[in-house]
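Everything on this sheet refers to the single structure shown next.
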Amino acid sequence: MILLSKNDAFKWQENDGRYVKGYFYDGFTNNENFLEELSKINNLDDFVSFFKELNGEFAVSIETNDFILGATDYTRSFPLFFCKKDRELVISDTPESLLNIIKDPKVSEIAVRELRISGSTFGNRTLYEDIETLGAGELIYFDKKNRSTSIIEYMDFDSAERSNQSTESLFEEMTKTYRAAIKKTLDPYEGRQIVIPLGSGWWERVLVRNIYDLGYKNVLCYTYGKKDSIEIEKSREIAKHYGFSWHVTNYDPNTWYRWFTGPDYKKYKTYAAQFVTVPNIREYLAVKDLNEKGIISKDAIFINVCFTGVMRGDLLSKYFLDEDIPENNLKYEILREIGSNISWTAKDIQLKDKYIDDIFQKVRKDNDYKDKTQLWKFKYAYWKERAAKHLSSSRRCYEIFGYMWRNIQNERTILDFWSKVDPNIRYKHTLQNMYDEKYNKELLDKLNFKNTHPKDDSVIMQGIRRKFPSLYRKLDFNRRSRALKNKYDNDDLLWFNIISRREFTRFRPNISNIIAVESIKYLREFCKDTGHTL
């Protein structure tokens with residue numbers, strides 16, 4: 001059975017029991033053309049081969065007399081959920097639809113704990129035991145004849161072999177790849193308003209430079225945050241440099257608190273969280289402001305920039321250039337990065353191996369898993385559990401107001417390019433710095449901007465990281481927690497004001513970021529609604 005009801009900015013299109021939502025960068029002129037090709041496929045192996053080659057952001061659902069299928073793209077752009085009823089698979093685009101058909105749904109204790117420390121559940125889990133979600137780059141196939149179900153991860157998230165090209169050759173290829181990806185994404189919408197959340201990061205600089213060079217005119221840049229913050233001033237100067245319209249939404253403590261404690265947040269939470277992640281709130285108030293003031297067109301296209309540059313090396317440290325990292329250390333590195341938003345309890349220490357099992361349950365079945373590098377495994381975990389869940393939910397703040405979006409930095413040719421670049425080049429940001437020197441030097445001189453790389457640990461901390469990974473995770477958590485001490489009043493987004501100062505003072509020693517605050521509040525309300533005890 002297929003239950004599809006979420007038709008907002010992106011609508012489901014159907015042909016003979018085959019449904020698709022989303023868009024494709026190339027290969028298909030429109031979704032009708034895609035459905036025609038999809039109708040020619042009827043066995044599992046051919047479906048896997050077909051989805052491996054797709055370049056787009058989509059969800060697919062199919063029901064025939066012989067099988068039921070669901071598939072998500074490599075960023076889990078449009079989440080799908082599934083459960084079993086009367087020994088048959090049920091797929092839906094909202095978990096609430098499945099709750100309505102399950103008798104006495106049970107809360108998943110392990111999923112609640114995962115969301116507490118991470119902001120998201122791991123693997124296919126939702127907060128309910130009987131409801132699961134497809135992960136990034138996965139498909140589920142139910143054979144009606146023998147009642148068997150298969151979940152297959154069809155996507156390799158870093159598959160290319162390392163290139164031996166010179167840095168100059170890689171730089172030229174990178175420049176052309178980004179230009180082509182931006183052009184083919186935006187050309188079909190020429191004349192429609194392009195809306196860019198403009199920070200001062202490298203990707204945003206590449207984006208606006210290429211949009212300017214390609215001659216797109218109907219462009220609006222916007223930013224948001226604490227009045228007169230440095231980031232707002234940088235955004236203003238970048239938009240001015242290229243002659244693009246610019247708007248700022250100033251965030252303030254009262255607006256944050258009223259929103260987070262009011263019905264508007266409750267509606268957005270239900271819409272975006274879906275029992276898998278706390279919603280990404282960063283842009284919501286800015287998009288709401290643009291919408292209410294009529295600054296953006298009803299058919300505007302947002303360019304989502306919320307995904308981090310994990311593929312191009314933004315999370316790389318010198319530590320990961322050493323491939324001789326013990327498996328036990330890798331476990332703590334992953335949980336330090338995506339599972340340490342809140343201080344661990346004794347139960348979390350007991351469950352740490354289970355958390356890792358949930359993350360790697362599918363990929364460990366592959367014969368070549370043992371040959372994957374530790375860096376590959378780290379990026380895989382981050383992509384599947386942070387990028388494709390919490391970061392991916394940032395697109396909901398456009399959709400809830402009826403706006404479509406595009407996510408160009410995750411176009412396949414861009415991902416495939418970075419996949420083949422040597423980690424040492426990615427770590428040093430060599431190609432990014434070459435791009436800025438050639439194309440953005442005048443702009444960066446205006447901003448008095450210097451490219452920097454995250455500072456590596458001291459020699460002592462490097463030794464602790466290798467010999468005592470559990471201790472290093474704790475020390476890193478404490479460092480991040482201390483860094484929040486003055487954030488209530490001084491953070492560029494002021495978003496810790498979603499709670500009272502008293503609550504922040506009480507929470508602060510046990511949290512390391514804003515996701516932790518949301519997780520505490522989200523789970524308190526969830527447990528109150530379900531009668532579950534954390």
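How things are named: the first chain in the structure tokens is A, the next is B, and so on; residues count from 1 in each chain; ligands count from 1 in the order shown.
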I'd like the neighbourhood of region 464-474 of chain A as JSON, numbers by chain, where a residue qualifies if any of its atoms comes within 7 Å (using only C-alpha atoms), though same-chain residues fewer than 2 positions away should be ignored. {"A": [329, 332, 336, 460, 461, 462, 476, 477, 478]}
Can you tell me which residues surround Ile196 (chain A) at a distance of at most 8 Å, considering only C-alpha atoms, apart from same-chain residues fewer than 5 positions away, and format the answer as a PDB file with N, CA and C atoms, in the first residue's frame?
ATOM      1  N   VAL A 219      17.788  38.214  -9.281  1.00  0.00           N
ATOM      2  CA  VAL A 219      18.447  37.553  -8.153  1.00  0.00           C
ATOM      3  C   VAL A 219      18.220  38.363  -6.883  1.00  0.00           C
ATOM      4  N   LEU A 220      17.823  37.694  -5.823  1.00  0.00           N
ATOM      5  CA  LEU A 220      17.716  38.323  -4.509  1.00  0.00           C
ATOM      6  C   LEU A 220      18.593  37.559  -3.530  1.00  0.00           C
ATOM      7  N   CYS A 221      19.504  38.267  -2.887  1.00  0.00           N
ATOM      8  CA  CYS A 221      20.304  37.689  -1.815  1.00  0.00           C
ATOM      9  C   CYS A 221      19.719  38.137  -0.474  1.00  0.00           C
ATOM     10  N   TYR A 222      19.745  37.266   0.483  1.00  0.00           N
ATOM     11  CA  TYR A 222      19.274  37.666   1.813  1.00  0.00           C
ATOM     12  C   TYR A 222      20.162  37.047   2.881  1.00  0.00           C
ATOM     13  N   PHE A 302      14.564  28.930  -4.383  1.00  0.00           N
ATOM     14  CA  PHE A 302      15.604  29.103  -3.362  1.00  0.00           C
ATOM     15  C   PHE A 302      16.796  28.196  -3.679  1.00  0.00           C
ATOM     16  N   ILE A 303      17.995  28.705  -3.443  1.00  0.00           N
ATOM     17  CA  ILE A 303      19.200  27.883  -3.546  1.00  0.00           C
ATOM     18  C   ILE A 303      19.621  27.517  -2.132  1.00  0.00           C
ATOM     19  N   ASN A 304      19.414  26.265  -1.765  1.00  0.00           N
ATOM     20  CA  ASN A 304      19.735  25.815  -0.413  1.00  0.00           C
ATOM     21  C   ASN A 304      21.248  25.705  -0.244  1.00  0.00           C
TER      22      ASN A 304
END
Could the residues of region 387-436 of chain A that have an atom at most 9 Å from region 10-33 of chain A be listed as a Markdown table, each with its closest atom pair and the distance in Å to one decimal, counting only C-alpha atoms and ordered by chain and ascending residue number?
| residue | atom | partner | partner_atom | distance |
| --- | --- | --- | --- | --- |
| A:Glu399 | CA | A:Phe10 | CA | 7.7 |
| A:Gly402 | CA | A:Phe10 | CA | 8.2 |
| A:Tyr403 | CA | A:Phe10 | CA | 8.4 |
| A:Met404 | CA | A:Phe10 | CA | 6.7 |
| A:Arg406 | CA | A:Tyr23 | CA | 8.7 |
| A:Glu411 | CA | A:Tyr25 | CA | 7.3 |
| A:Arg412 | CA | A:Tyr25 | CA | 8.7 |
So that I have them on file, write out the residues from the current selection with N, CA and C atoms, as a PDB file, in the first residue's frame.
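Written file, part31.pdb:
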ATOM      1  N   GLU A 399       9.636  24.848   1.844  1.00  0.00           N
ATOM      2  CA  GLU A 399       8.446  24.125   1.391  1.00  0.00           C
ATOM      3  C   GLU A 399       7.196  24.502   2.182  1.00  0.00           C
ATOM      4  N   GLY A 402       5.529  27.079   0.574  1.00  0.00           N
ATOM      5  CA  GLY A 402       5.171  26.816  -0.815  1.00  0.00           C
ATOM      6  C   GLY A 402       6.258  27.104  -1.824  1.00  0.00           C
ATOM      7  N   TYR A 403       7.515  27.263  -1.367  1.00  0.00           N
ATOM      8  CA  TYR A 403       8.603  27.605  -2.286  1.00  0.00           C
ATOM      9  C   TYR A 403       9.430  26.379  -2.658  1.00  0.00           C
ATOM     10  N   MET A 404       9.797  26.311  -3.928  1.00  0.00           N
ATOM     11  CA  MET A 404      10.693  25.262  -4.399  1.00  0.00           C
ATOM     12  C   MET A 404      12.137  25.659  -4.117  1.00  0.00           C
ATOM     13  N   ARG A 406      16.549  24.419  -4.914  1.00  0.00           N
ATOM     14  CA  ARG A 406      17.559  23.604  -5.585  1.00  0.00           C
ATOM     15  C   ARG A 406      18.780  23.530  -4.680  1.00  0.00           C
ATOM     16  N   GLU A 411      24.960  18.351  -6.474  1.00  0.00           N
ATOM     17  CA  GLU A 411      24.794  17.775  -7.812  1.00  0.00           C
ATOM     18  C   GLU A 411      25.892  16.724  -8.019  1.00  0.00           C
ATOM     19  N   ARG A 412      25.552  15.620  -8.685  1.00  0.00           N
ATOM     20  CA  ARG A 412      26.440  14.456  -8.728  1.00  0.00           C
ATOM     21  C   ARG A 412      27.804  14.736  -9.330  1.00  0.00           C
TER      22      ARG A 412
END
As a PyMOL selection string, list the residues of region 127-188 of chain A assigned to strand (DSSP E) by DSSP on the backbone atoms of this structure. chain A and resi 132-133+138-143+148-153
One-decimal distance in Å that lies between CA of Tyr382 (chain A) and CA of Asp46 (chain A):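 These atoms are spaced 28.7 Å apart.
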Counting only C-alpha atoms, the residue among A:Val363, A:Val276, A:Ala483, A:Val206 that lies closest to Lys176 (chain A) is A:Val206
At what distance in Å, to one decimal, does CA of Val90 (chain A) lie from CA of Met1 (chain A)?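 Answer for the CA of Met1 (chain A) to CA of Val90 (chain A) separation: 4.7 Å.
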Nearest residue to Glu237 (chain A) from the set A:Met155, A:Leu444, A:Cys397, A:Leu523 (distances using only C-alpha atoms):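 Nearest candidate to Glu237 (chain A) out of A:Met155, A:Leu444, A:Cys397, A:Leu523: A:Leu444.
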Applying 10 Å and only C-alpha atoms, which residues near Thr373 (chain A) remain after dropping the ones on its own chain fewer than 3 positions away? List them as a PyMOL selection string. chain A and resi 320+322-325+369-370+376-378
Once you have the residues from the selection above, write them out as a compact mmCIF listing (two decimals), in the first residue's frame, restricted to C-alpha atoms.
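Listing of part.txt after writing:
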# COMPACT_ATOMS: atom_id res chain seq x y z
CA PHE A 320 42.31 11.71 9.33
CA ASP A 322 46.66 9.00 8.77
CA GLU A 323 44.77 5.96 7.53
CA ASP A 324 46.14 3.79 10.34
CA ILE A 325 43.33 4.81 12.70
CA TYR A 369 33.54 -2.61 3.45
CA LYS A 370 36.75 -3.90 5.02
CA TRP A 376 35.46 7.08 3.96
CA LYS A 377 33.66 5.57 6.96
CA PHE A 378 33.72 8.87 8.87
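Take the candidates A:Ala9, A:Cys83, A:Ile499, A:Leu493 and check each one against Leu285 (chain A) using only C-alpha atoms; the shortest distance goes to A:Leu493.
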